[in-house]
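Undergrad: Handing over my_file-v4.cif, mmCIF, C-alpha atoms.
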```cif
data_structure
#
loop_
_atom_site.group_PDB
_atom_site.id
_atom_site.type_symbol
_atom_site.label_atom_id
_atom_site.label_comp_id
_atom_site.auth_asym_id
_atom_site.auth_seq_id
_atom_site.Cartn_x
_atom_site.Cartn_y
_atom_site.Cartn_z
ATOM 1 C CA LEU A 1 -61.039 22.952 -2.741
ATOM 2 C CA GLY A 2 -64.731 22.577 -3.566
ATOM 3 C CA GLY A 3 -67.387 22.097 -0.926
ATOM 4 C CA GLY A 4 -68.053 18.497 -2.033
ATOM 5 C CA ALA A 5 -64.415 17.498 -1.767
ATOM 6 C CA VAL A 6 -64.309 17.526 2.076
ATOM 7 C CA PRO A 7 -67.443 16.779 4.177
ATOM 8 C CA GLU A 8 -66.190 18.925 7.057
ATOM 9 C CA LEU A 9 -65.851 21.961 4.780
ATOM 10 C CA LYS A 10 -69.352 21.377 3.375
ATOM 11 C CA SER A 11 -70.742 21.248 6.928
ATOM 12 C CA PHE A 12 -68.904 24.492 7.805
ATOM 13 C CA LEU A 13 -70.311 26.297 4.765
ATOM 14 C CA SER A 14 -73.827 25.030 5.542
ATOM 15 C CA SER A 15 -73.584 26.129 9.191
ATOM 16 C CA THR A 16 -72.302 29.532 8.134
ATOM 17 C CA ALA A 17 -75.206 29.946 5.711
ATOM 18 C CA ASP A 18 -77.704 29.003 8.443
ATOM 19 C CA LEU A 19 -76.090 31.505 10.858
ATOM 20 C CA LYS A 20 -76.287 34.203 8.208
ATOM 21 C CA ALA A 21 -80.009 33.458 7.663
ATOM 22 C CA LEU A 22 -80.684 33.730 11.432
ATOM 23 C CA ALA A 23 -78.809 37.033 11.535
ATOM 24 C CA ASP A 24 -81.042 38.352 8.738
ATOM 25 C CA LYS A 25 -84.145 37.233 10.657
ATOM 26 C CA ILE A 26 -82.932 38.901 13.859
ATOM 27 C CA LEU A 27 -82.375 42.186 12.000
ATOM 28 C CA ALA A 28 -85.827 41.913 10.426
ATOM 29 C CA SER A 29 -87.449 41.309 13.853
ATOM 30 C CA LYS A 30 -85.598 44.272 15.365
ATOM 31 C CA ARG A 31 -86.767 46.511 12.580
ATOM 32 C CA SER A 32 -90.395 45.333 12.963
ATOM 33 C CA GLY A 33 -90.288 45.837 16.769
ATOM 34 C CA ASP A 34 -90.990 42.190 17.629
ATOM 35 C CA ASN A 35 -88.525 41.888 20.517
ATOM 36 C CA SER A 36 -89.841 38.570 21.836
ATOM 37 C CA ALA A 37 -89.261 36.903 18.476
ATOM 38 C CA ALA A 38 -85.831 38.561 18.247
ATOM 39 C CA LYS A 39 -84.793 37.100 21.622
ATOM 40 C CA GLY A 40 -85.757 33.616 20.491
ATOM 41 C CA LEU A 41 -83.830 34.088 17.269
ATOM 42 C CA VAL A 42 -80.798 35.324 19.246
ATOM 43 C CA ARG A 43 -80.866 32.135 21.326
ATOM 44 C CA ASP A 44 -81.071 30.085 18.137
ATOM 45 C CA GLY A 45 -78.196 32.200 16.722
ATOM 46 C CA MET A 46 -76.020 31.432 19.741
ATOM 47 C CA VAL A 47 -76.632 27.720 19.265
ATOM 48 C CA GLN A 48 -75.914 28.042 15.552
ATOM 49 C CA LEU A 49 -72.697 29.990 16.308
ATOM 50 C CA CYS A 50 -71.513 27.065 18.429
ATOM 51 C CA ALA A 51 -72.302 24.757 15.530
ATOM 52 C CA VAL A 52 -70.324 27.048 13.203
ATOM 53 C CA LYS A 53 -67.325 26.940 15.574
ATOM 54 C CA ALA A 54 -67.513 23.144 15.724
ATOM 55 C CA ALA A 55 -67.754 22.924 11.948
ATOM 56 C CA HIS A 56 -64.818 25.352 11.620
ATOM 57 C CA ARG A 57 -62.702 23.226 13.934
ATOM 58 C CA GLY A 58 -63.584 20.089 11.991
ATOM 59 C CA ALA A 59 -62.783 21.804 8.678
ATOM 60 C CA HIS A 60 -59.442 23.015 10.072
ATOM 61 C CA GLU A 61 -58.514 19.510 11.261
ATOM 62 C CA ALA A 62 -59.534 18.068 7.895
ATOM 63 C CA ALA A 63 -57.380 20.647 6.123
ATOM 64 C CA GLU A 64 -54.358 19.751 8.299
ATOM 65 C CA GLU A 65 -54.931 16.075 7.565
ATOM 66 C CA LEU A 66 -55.029 16.815 3.846
ATOM 67 C CA LEU A 67 -51.827 18.836 4.087
ATOM 68 C CA GLN A 68 -50.109 15.989 5.958
ATOM 69 C CA ARG A 69 -51.284 13.481 3.360
ATOM 70 C CA ALA A 70 -50.014 15.764 0.617
ATOM 71 C CA GLU A 71 -46.606 16.046 2.365
ATOM 72 C CA ASP A 72 -46.411 12.257 2.746
ATOM 73 C CA GLU A 73 -47.215 11.813 -0.932
ATOM 74 C CA ARG A 74 -44.581 14.387 -1.858
ATOM 75 C CA LEU A 75 -41.930 12.563 0.170
ATOM 76 C CA ARG A 76 -42.905 9.251 -1.384
ATOM 77 C CA THR A 77 -42.759 10.827 -4.840
ATOM 78 C CA ASP A 78 -39.290 12.254 -4.094
ATOM 79 C CA ALA A 79 -38.057 8.826 -2.942
ATOM 80 C CA VAL A 80 -39.424 7.151 -6.051
ATOM 81 C CA SER A 81 -37.863 9.860 -8.227
ATOM 82 C CA GLN A 82 -34.494 9.347 -6.514
ATOM 83 C CA GLN A 83 -34.722 5.604 -7.075
ATOM 84 C CA LEU A 84 -35.569 6.218 -10.706
ATOM 85 C CA GLN A 85 -32.538 8.505 -11.123
ATOM 86 C CA ASN A 86 -30.299 5.862 -9.512
ATOM 87 C CA LEU A 87 -31.652 3.193 -11.828
ATOM 88 C CA GLN A 88 -31.119 5.429 -14.839
ATOM 89 C CA TYR A 89 -27.524 6.097 -13.748
ATOM 90 C CA GLN A 90 -26.892 2.378 -13.254
ATOM 91 C CA LYS A 91 -28.417 1.665 -16.640
ATOM 92 C CA HIS A 92 -26.142 4.245 -18.273
ATOM 93 C CA HIS A 93 -23.070 2.830 -16.479
ATOM 94 C CA LEU A 94 -23.934 -0.763 -17.381
ATOM 95 C CA ASN A 95 -24.555 0.187 -21.020
ATOM 96 C CA LYS A 96 -21.154 1.872 -21.111
ATOM 97 C CA GLU A 97 -19.388 -1.128 -19.574
ATOM 98 C CA LEU A 98 -21.279 -3.477 -21.879
ATOM 99 C CA HIS A 99 -20.190 -1.447 -24.881
ATOM 100 C CA VAL A 100 -16.566 -1.641 -23.724
ATOM 101 C CA CYS A 101 -16.829 -5.415 -23.313
ATOM 102 C CA LEU A 102 -18.484 -5.902 -26.710
ATOM 103 C CA THR A 103 -15.927 -3.755 -28.528
ATOM 104 C CA TYR A 104 -12.890 -5.224 -26.702
ATOM 105 C CA GLN A 105 -10.423 -6.584 -29.263
ATOM 106 C CA GLY A 106 -8.096 -8.288 -26.788
ATOM 107 C CA THR A 107 -4.399 -7.852 -25.982
ATOM 108 C CA GLN A 108 -1.714 -10.502 -26.244
ATOM 109 C CA ILE A 109 -0.182 -11.110 -22.797
ATOM 110 C CA ASP A 110 2.834 -13.311 -22.162
ATOM 111 C CA VAL A 111 1.371 -15.794 -19.682
ATOM 112 C CA ILE A 112 2.976 -18.859 -18.185
ATOM 113 C CA SER A 113 2.611 -21.873 -20.469
ATOM 114 C CA GLU A 114 0.013 -24.519 -19.755
ATOM 115 C CA SER A 115 2.639 -27.185 -19.045
ATOM 116 C CA GLU A 116 4.468 -24.945 -16.536
ATOM 117 C CA PHE A 117 1.169 -23.983 -14.921
ATOM 118 C CA GLU A 118 0.092 -27.600 -14.541
ATOM 119 C CA ALA A 119 3.509 -28.555 -13.161
ATOM 120 C CA ALA A 120 3.314 -25.823 -10.507
ATOM 121 C CA VAL A 121 -0.387 -26.073 -9.544
ATOM 122 C CA PRO A 122 -2.231 -29.239 -8.430
ATOM 123 C CA GLU A 123 -5.176 -30.384 -10.516
ATOM 124 C CA SER A 124 -7.712 -29.480 -7.813
ATOM 125 C CA GLU A 125 -6.701 -25.805 -8.020
ATOM 126 C CA ARG A 126 -6.654 -25.410 -11.831
ATOM 127 C CA GLY A 127 -10.322 -24.442 -12.098
ATOM 128 C CA GLY A 128 -11.226 -27.063 -14.677
ATOM 129 C CA PRO A 129 -9.911 -28.659 -17.873
ATOM 130 C CA ARG A 130 -7.710 -26.880 -20.395
ATOM 131 C CA GLY A 131 -9.436 -24.139 -22.346
ATOM 132 C CA SER A 132 -12.232 -23.596 -19.796
ATOM 133 C CA HIS A 133 -12.943 -20.215 -18.257
ATOM 134 C CA GLY A 134 -11.996 -21.388 -14.758
ATOM 135 C CA TYR A 135 -8.724 -22.839 -16.045
ATOM 136 C CA GLU A 136 -7.714 -19.612 -17.793
ATOM 137 C CA LEU A 137 -8.777 -17.526 -14.775
ATOM 138 C CA ALA A 138 -6.648 -19.651 -12.426
ATOM 139 C CA ARG A 139 -3.782 -19.404 -14.902
ATOM 140 C CA LEU A 140 -4.009 -15.606 -15.015
ATOM 141 C CA THR A 141 -4.260 -15.458 -11.214
ATOM 142 C CA PHE A 142 -1.126 -17.581 -10.904
ATOM 143 C CA GLU A 143 0.680 -15.324 -13.385
ATOM 144 C CA MET A 144 -0.395 -12.202 -11.494
ATOM 145 C CA GLN A 145 0.829 -13.656 -8.181
ATOM 146 C CA LYS A 146 4.132 -14.609 -9.787
ATOM 147 C CA ARG A 147 4.636 -11.108 -11.154
ATOM 148 C CA GLU A 148 3.716 -9.546 -7.811
ATOM 149 C CA ASP A 149 6.383 -11.696 -6.142
ATOM 150 C CA GLN A 150 8.902 -10.567 -8.755
ATOM 151 C CA VAL A 151 7.999 -6.928 -8.137
ATOM 152 C CA LYS A 152 8.480 -7.439 -4.376
ATOM 153 C CA ALA A 153 11.851 -9.117 -4.993
ATOM 154 C CA PHE A 154 12.909 -6.278 -7.301
ATOM 155 C CA LYS A 155 11.983 -3.678 -4.685
ATOM 156 C CA SER A 156 13.899 -5.630 -2.041
ATOM 157 C CA GLN A 157 16.988 -5.804 -4.259
ATOM 158 C CA LYS A 158 16.649 -2.106 -5.005
ATOM 159 C CA ILE A 159 16.608 -1.339 -1.280
ATOM 160 C CA ARG A 160 19.676 -3.551 -0.760
ATOM 161 C CA LYS A 161 21.432 -1.748 -3.601
ATOM 162 C CA THR A 162 20.677 1.603 -1.998
ATOM 163 C CA LEU A 163 22.024 0.392 1.364
ATOM 164 C CA PHE A 164 25.212 -0.955 -0.238
ATOM 165 C CA GLU A 165 25.704 2.300 -2.113
ATOM 166 C CA GLN A 166 25.322 4.252 1.119
ATOM 167 C CA LYS A 167 27.770 1.923 2.883
ATOM 168 C CA LEU A 168 30.232 2.212 0.005
ATOM 169 C CA ALA A 169 29.954 5.995 0.024
ATOM 170 C CA SER A 170 30.599 5.999 3.786
ATOM 171 C CA GLN A 171 33.687 3.777 3.399
ATOM 172 C CA ARG A 172 34.945 5.888 0.491
ATOM 173 C CA LYS A 173 34.531 8.987 2.643
ATOM 174 C CA PHE A 174 36.475 7.258 5.442
ATOM 175 C CA LEU A 175 39.280 6.275 3.064
ATOM 176 C CA ASP A 176 39.428 9.790 1.703
ATOM 177 C CA SER A 177 39.780 11.115 5.244
ATOM 178 C CA ILE A 178 42.711 8.711 5.878
ATOM 179 C CA HIS A 179 44.848 10.302 3.175
ATOM 180 C CA GLY A 180 45.323 13.395 5.273
ATOM 181 C CA HIS A 181 46.415 11.311 8.295
ATOM 182 C CA LEU A 182 48.854 9.305 6.148
ATOM 183 C CA ASP A 183 50.415 12.485 4.847
ATOM 184 C CA THR A 184 50.788 13.741 8.416
ATOM 185 C CA ILE A 185 52.380 10.445 9.531
ATOM 186 C CA ALA A 186 54.762 10.478 6.536
ATOM 187 C CA LYS A 187 55.890 14.017 7.329
ATOM 188 C CA ALA A 188 56.388 13.093 10.994
ATOM 189 C CA ALA A 189 58.453 10.020 10.022
ATOM 190 C CA GLU A 190 60.759 11.875 7.619
ATOM 191 C CA PRO A 191 63.432 12.664 10.298
ATOM 192 C CA LEU A 192 63.477 9.034 11.415
ATOM 193 C CA LEU A 193 63.800 7.769 7.848
ATOM 194 C CA LYS A 194 66.691 10.127 7.233
ATOM 195 C CA GLU A 195 68.404 8.885 10.387
ATOM 196 C CA PHE A 196 68.101 5.219 9.369
ATOM 197 C CA SER A 197 69.195 5.921 5.813
ATOM 198 C CA LYS A 198 72.564 7.279 6.951
ATOM 199 C CA GLY A 199 74.046 3.781 7.662
ATOM 200 C CA GLU A 200 74.790 0.948 5.297
ATOM 201 C CA ALA A 201 72.089 -1.361 4.070
ATOM 202 C CA ALA A 202 71.294 -4.295 6.357
ATOM 203 C CA PRO A 203 72.787 -7.618 5.169
ATOM 204 C CA SER A 204 70.470 -10.317 3.877
ATOM 205 C CA LEU A 205 70.720 -13.978 2.984
ATOM 206 C CA GLU A 206 72.593 -14.785 -0.171
ATOM 207 C CA ALA A 207 70.871 -16.691 -2.935
ATOM 208 C CA SER A 208 72.570 -19.949 -1.957
ATOM 209 C CA GLY A 209 71.563 -19.478 1.677
ATOM 210 C CA VAL A 210 67.964 -18.859 0.676
ATOM 211 C CA ALA A 211 67.924 -22.016 -1.462
ATOM 212 C CA ALA A 212 69.425 -24.123 1.328
ATOM 213 C CA ALA A 213 67.070 -22.718 3.981
ATOM 214 C CA SER A 214 64.008 -23.456 1.849
ATOM 215 C CA PHE A 215 64.632 -27.211 2.215
ATOM 216 C CA LEU A 216 64.642 -27.102 6.020
ATOM 217 C CA PRO A 217 61.642 -28.349 7.995
ATOM 218 C CA ALA A 218 59.411 -25.561 9.248
ATOM 219 C CA PRO A 219 60.659 -25.598 12.893
ATOM 220 C CA LEU A 220 64.344 -25.588 11.817
ATOM 221 C CA TYR A 221 63.663 -22.888 9.260
ATOM 222 C CA ALA A 222 62.188 -20.662 12.007
ATOM 223 C CA VAL A 223 65.130 -21.283 14.343
ATOM 224 C CA TYR A 224 67.669 -20.623 11.578
ATOM 225 C CA MET A 225 66.027 -17.333 10.566
ATOM 226 C CA GLN A 226 65.889 -16.157 14.190
ATOM 227 C CA ALA A 227 69.571 -17.036 14.701
ATOM 228 C CA PHE A 228 70.537 -15.277 11.476
ATOM 229 C CA ALA A 229 68.611 -12.160 12.509
ATOM 230 C CA TYR A 230 70.277 -12.211 15.946
ATOM 231 C CA GLN A 231 73.709 -12.551 14.324
ATOM 232 C CA GLN A 232 73.057 -9.574 12.041
ATOM 233 C CA GLY A 233 71.526 -7.450 14.804
ATOM 234 C CA PHE A 234 74.211 -7.948 17.434
ATOM 235 C CA GLU A 235 77.198 -8.391 15.096
ATOM 236 C CA GLY A 236 78.668 -11.570 16.523
ATOM 237 C CA GLY A 237 78.226 -13.889 19.417
ATOM 238 C CA VAL A 238 76.093 -16.252 17.350
ATOM 239 C CA ALA A 239 76.974 -18.058 14.129
ATOM 240 C CA ALA A 240 74.243 -19.593 11.955
ATOM 241 C CA ALA A 241 75.129 -21.799 8.988
ATOM 242 C CA ILE A 242 73.628 -24.664 6.962
ATOM 243 C CA VAL A 243 75.999 -27.584 6.272
ATOM 244 C CA GLY A 244 75.224 -30.292 3.687
ATOM 245 C CA ASP A 245 74.600 -30.970 0.016
ATOM 246 C CA VAL A 246 71.809 -28.810 -1.345
ATOM 247 C CA ARG A 247 71.201 -31.171 -4.275
ATOM 248 C CA GLU A 248 70.584 -34.130 -1.984
ATOM 249 C CA ALA A 249 68.172 -32.032 0.082
ATOM 250 C CA GLU A 250 66.347 -31.009 -3.088
ATOM 251 C CA ALA A 251 66.093 -34.645 -4.270
ATOM 252 C CA TYR A 252 64.812 -35.691 -0.851
ATOM 253 C CA ALA A 253 62.176 -32.938 -0.893
ATOM 254 C CA LYS A 254 60.958 -34.061 -4.345
ATOM 255 C CA ALA A 255 60.778 -37.662 -3.209
ATOM 256 C CA GLN A 256 58.749 -36.702 -0.155
ATOM 257 C CA ALA A 257 56.411 -34.652 -2.319
ATOM 258 C CA ALA A 258 55.756 -37.661 -4.574
ATOM 259 C CA VAL A 259 54.686 -39.850 -1.631
ATOM 260 C CA PRO A 260 50.831 -39.819 -1.364
ATOM 261 C CA GLU A 261 49.407 -38.463 1.875
ATOM 262 C CA THR A 262 47.700 -40.921 4.196
ATOM 263 C CA PRO A 263 44.213 -39.972 5.282
#
```
Re-express the file's structure as C-alpha cells.

TA:
Amino acid sequence: LGGGAVPELKSFLSSTADLKALADKILASKRSGDNSAAKGLVRDGMVQLCAVKAAHRGAHEAAEELLQRAEDERLRTDAVSQQLQNLQYQKHHLNKELHVCLTYQGTQIDVISESEFEAAVPESERGGPRGSHGYELARLTFEMQKREDQVKAFKSQKIRKTLFEQKLASQRKFLDSIHGHLDTIAKAAEPLLKEFSKGEAAPSLEASGVAAASFLPAPLYAVYMQAFAYQQGFEGGVAAAIVGDVREAEAYAKAQAAVPETP
C-alpha cells in the first residue's frame, strides 16, 4: 500500500520522519555539549513519540478496516460466482430439455376415443373444445387415471389369486392327510365286513314292488318303506303289501301331472 492510499498511514510515516529528525538533532546537541538544547529537544521528542503512537494506532485501525472491507468484497464475489454457476447449470439443463423437446418425434399411444371421453366426462371438465391443448391434456389425464385403476384392480385380483391358491394348497394337504386315516379305518373295519359277509344278502323290493311304491303319495311311501324294512329286519310280525292296479295308478299320476298348478 502506498502512503497516499490511506491518510492514516501517510500521517504515521510523516510522524515517524519528524521523530527521526528530532532524534538526529538530539544526538547533534549531545555531541556539541549543548545540554539545555538537548533537554528541550528530548521534551519535543516525547511529544512527537506520542504523536507517532497515535498515528500508528490510527494506521492499524485503518488497516483492519481495509482487511474487513476486502473480506466482505470476497464474500460478495463468492456469492455472485455461486449464483453465476447456478445460472450456468440451469441454462445447460434447460438447453438440454429444449433440445429433447425440439427433437421429439412423438409416439402413438392408444388413448380413449373422443366420443367415449365426452360420454364419460362432463363438458365443464374437458378443458376446452376438441383438438385444443386443454382438451387433449384432460383426455390423457382421464386415460392415465383409467389405467391406474386397472393396475389396482389387477393387483387386487392377483392377491385374491394368491390367497385362493394358498387355501387350495391347504385343503389339498388336508385331503392328502385323510387318506392315511381312511386306510386305517378300512383296516379296522375288515373284521366287521367279514362277519357281515358270512350271511345271505338282505332281501330288497322286487321290480314290481318298486314300480307300485313309486305311485304312492309321499307319506304313504315313507310308511310302506318303514314297514317293509321292519318286516325284513325282524322276519315276521308285520306284513307290508300294495294292493291295486298299477296301470290305473300310473294313469292317475299322469293325469295329475297334466293339471296346471294353482298359484

Undergrad: Residue by residue, what does the PyMOL selection byres ((chain A and resi 38-47) around 9) grab here? Present the result as number ranges by chain.

TA: A: 18-20, 22-23, 25-30, 33-37, 48-52

Undergrad: In Å, rounded to a single decimal, give me how far atom CA of Lys10 of chain A is from atom CA of Glu64 of chain A.

TA: 15.9 Å

Undergrad: Translate the PyMOL selection byres ((chain A and resi 117) around 12), as applied to the file shown, into an explicit residue set as a VMD selection string.

TA: chain A and resid 111 to 116 118 to 123 125 to 127 130 135 to 143 146

Undergrad: Starting from the PyMOL selection byres ((chain A and resi 249) around 12), expand the selection into actual residues of this file and give them as a PyMOL selection string.

TA: chain A and resi 211-217+242-248+250-256

Undergrad: Can you work out the spacing between atom CA of Ile109 of chain A and atom CA of Arg147 of chain A in Å, to one decimal?

TA: 12.6 Å

Undergrad: Kindly compute an axis-aligned box around the listed atoms of segment 85-90 of chain A, allowing 4 Å on each side, and express its centre and edge lengths in Å to one decimal as JSON.

TA:
```
{"center_x": -29.7, "center_y": 5.4, "center_z": -12.2, "size_x": 13.6, "size_y": 14.1, "size_z": 13.3}
```

Undergrad: Just give me the gap between atom CA of Gly134 of chain A and atom CA of Gln105 of chain A in Å, one decimal is fine.

TA: 20.8 Å
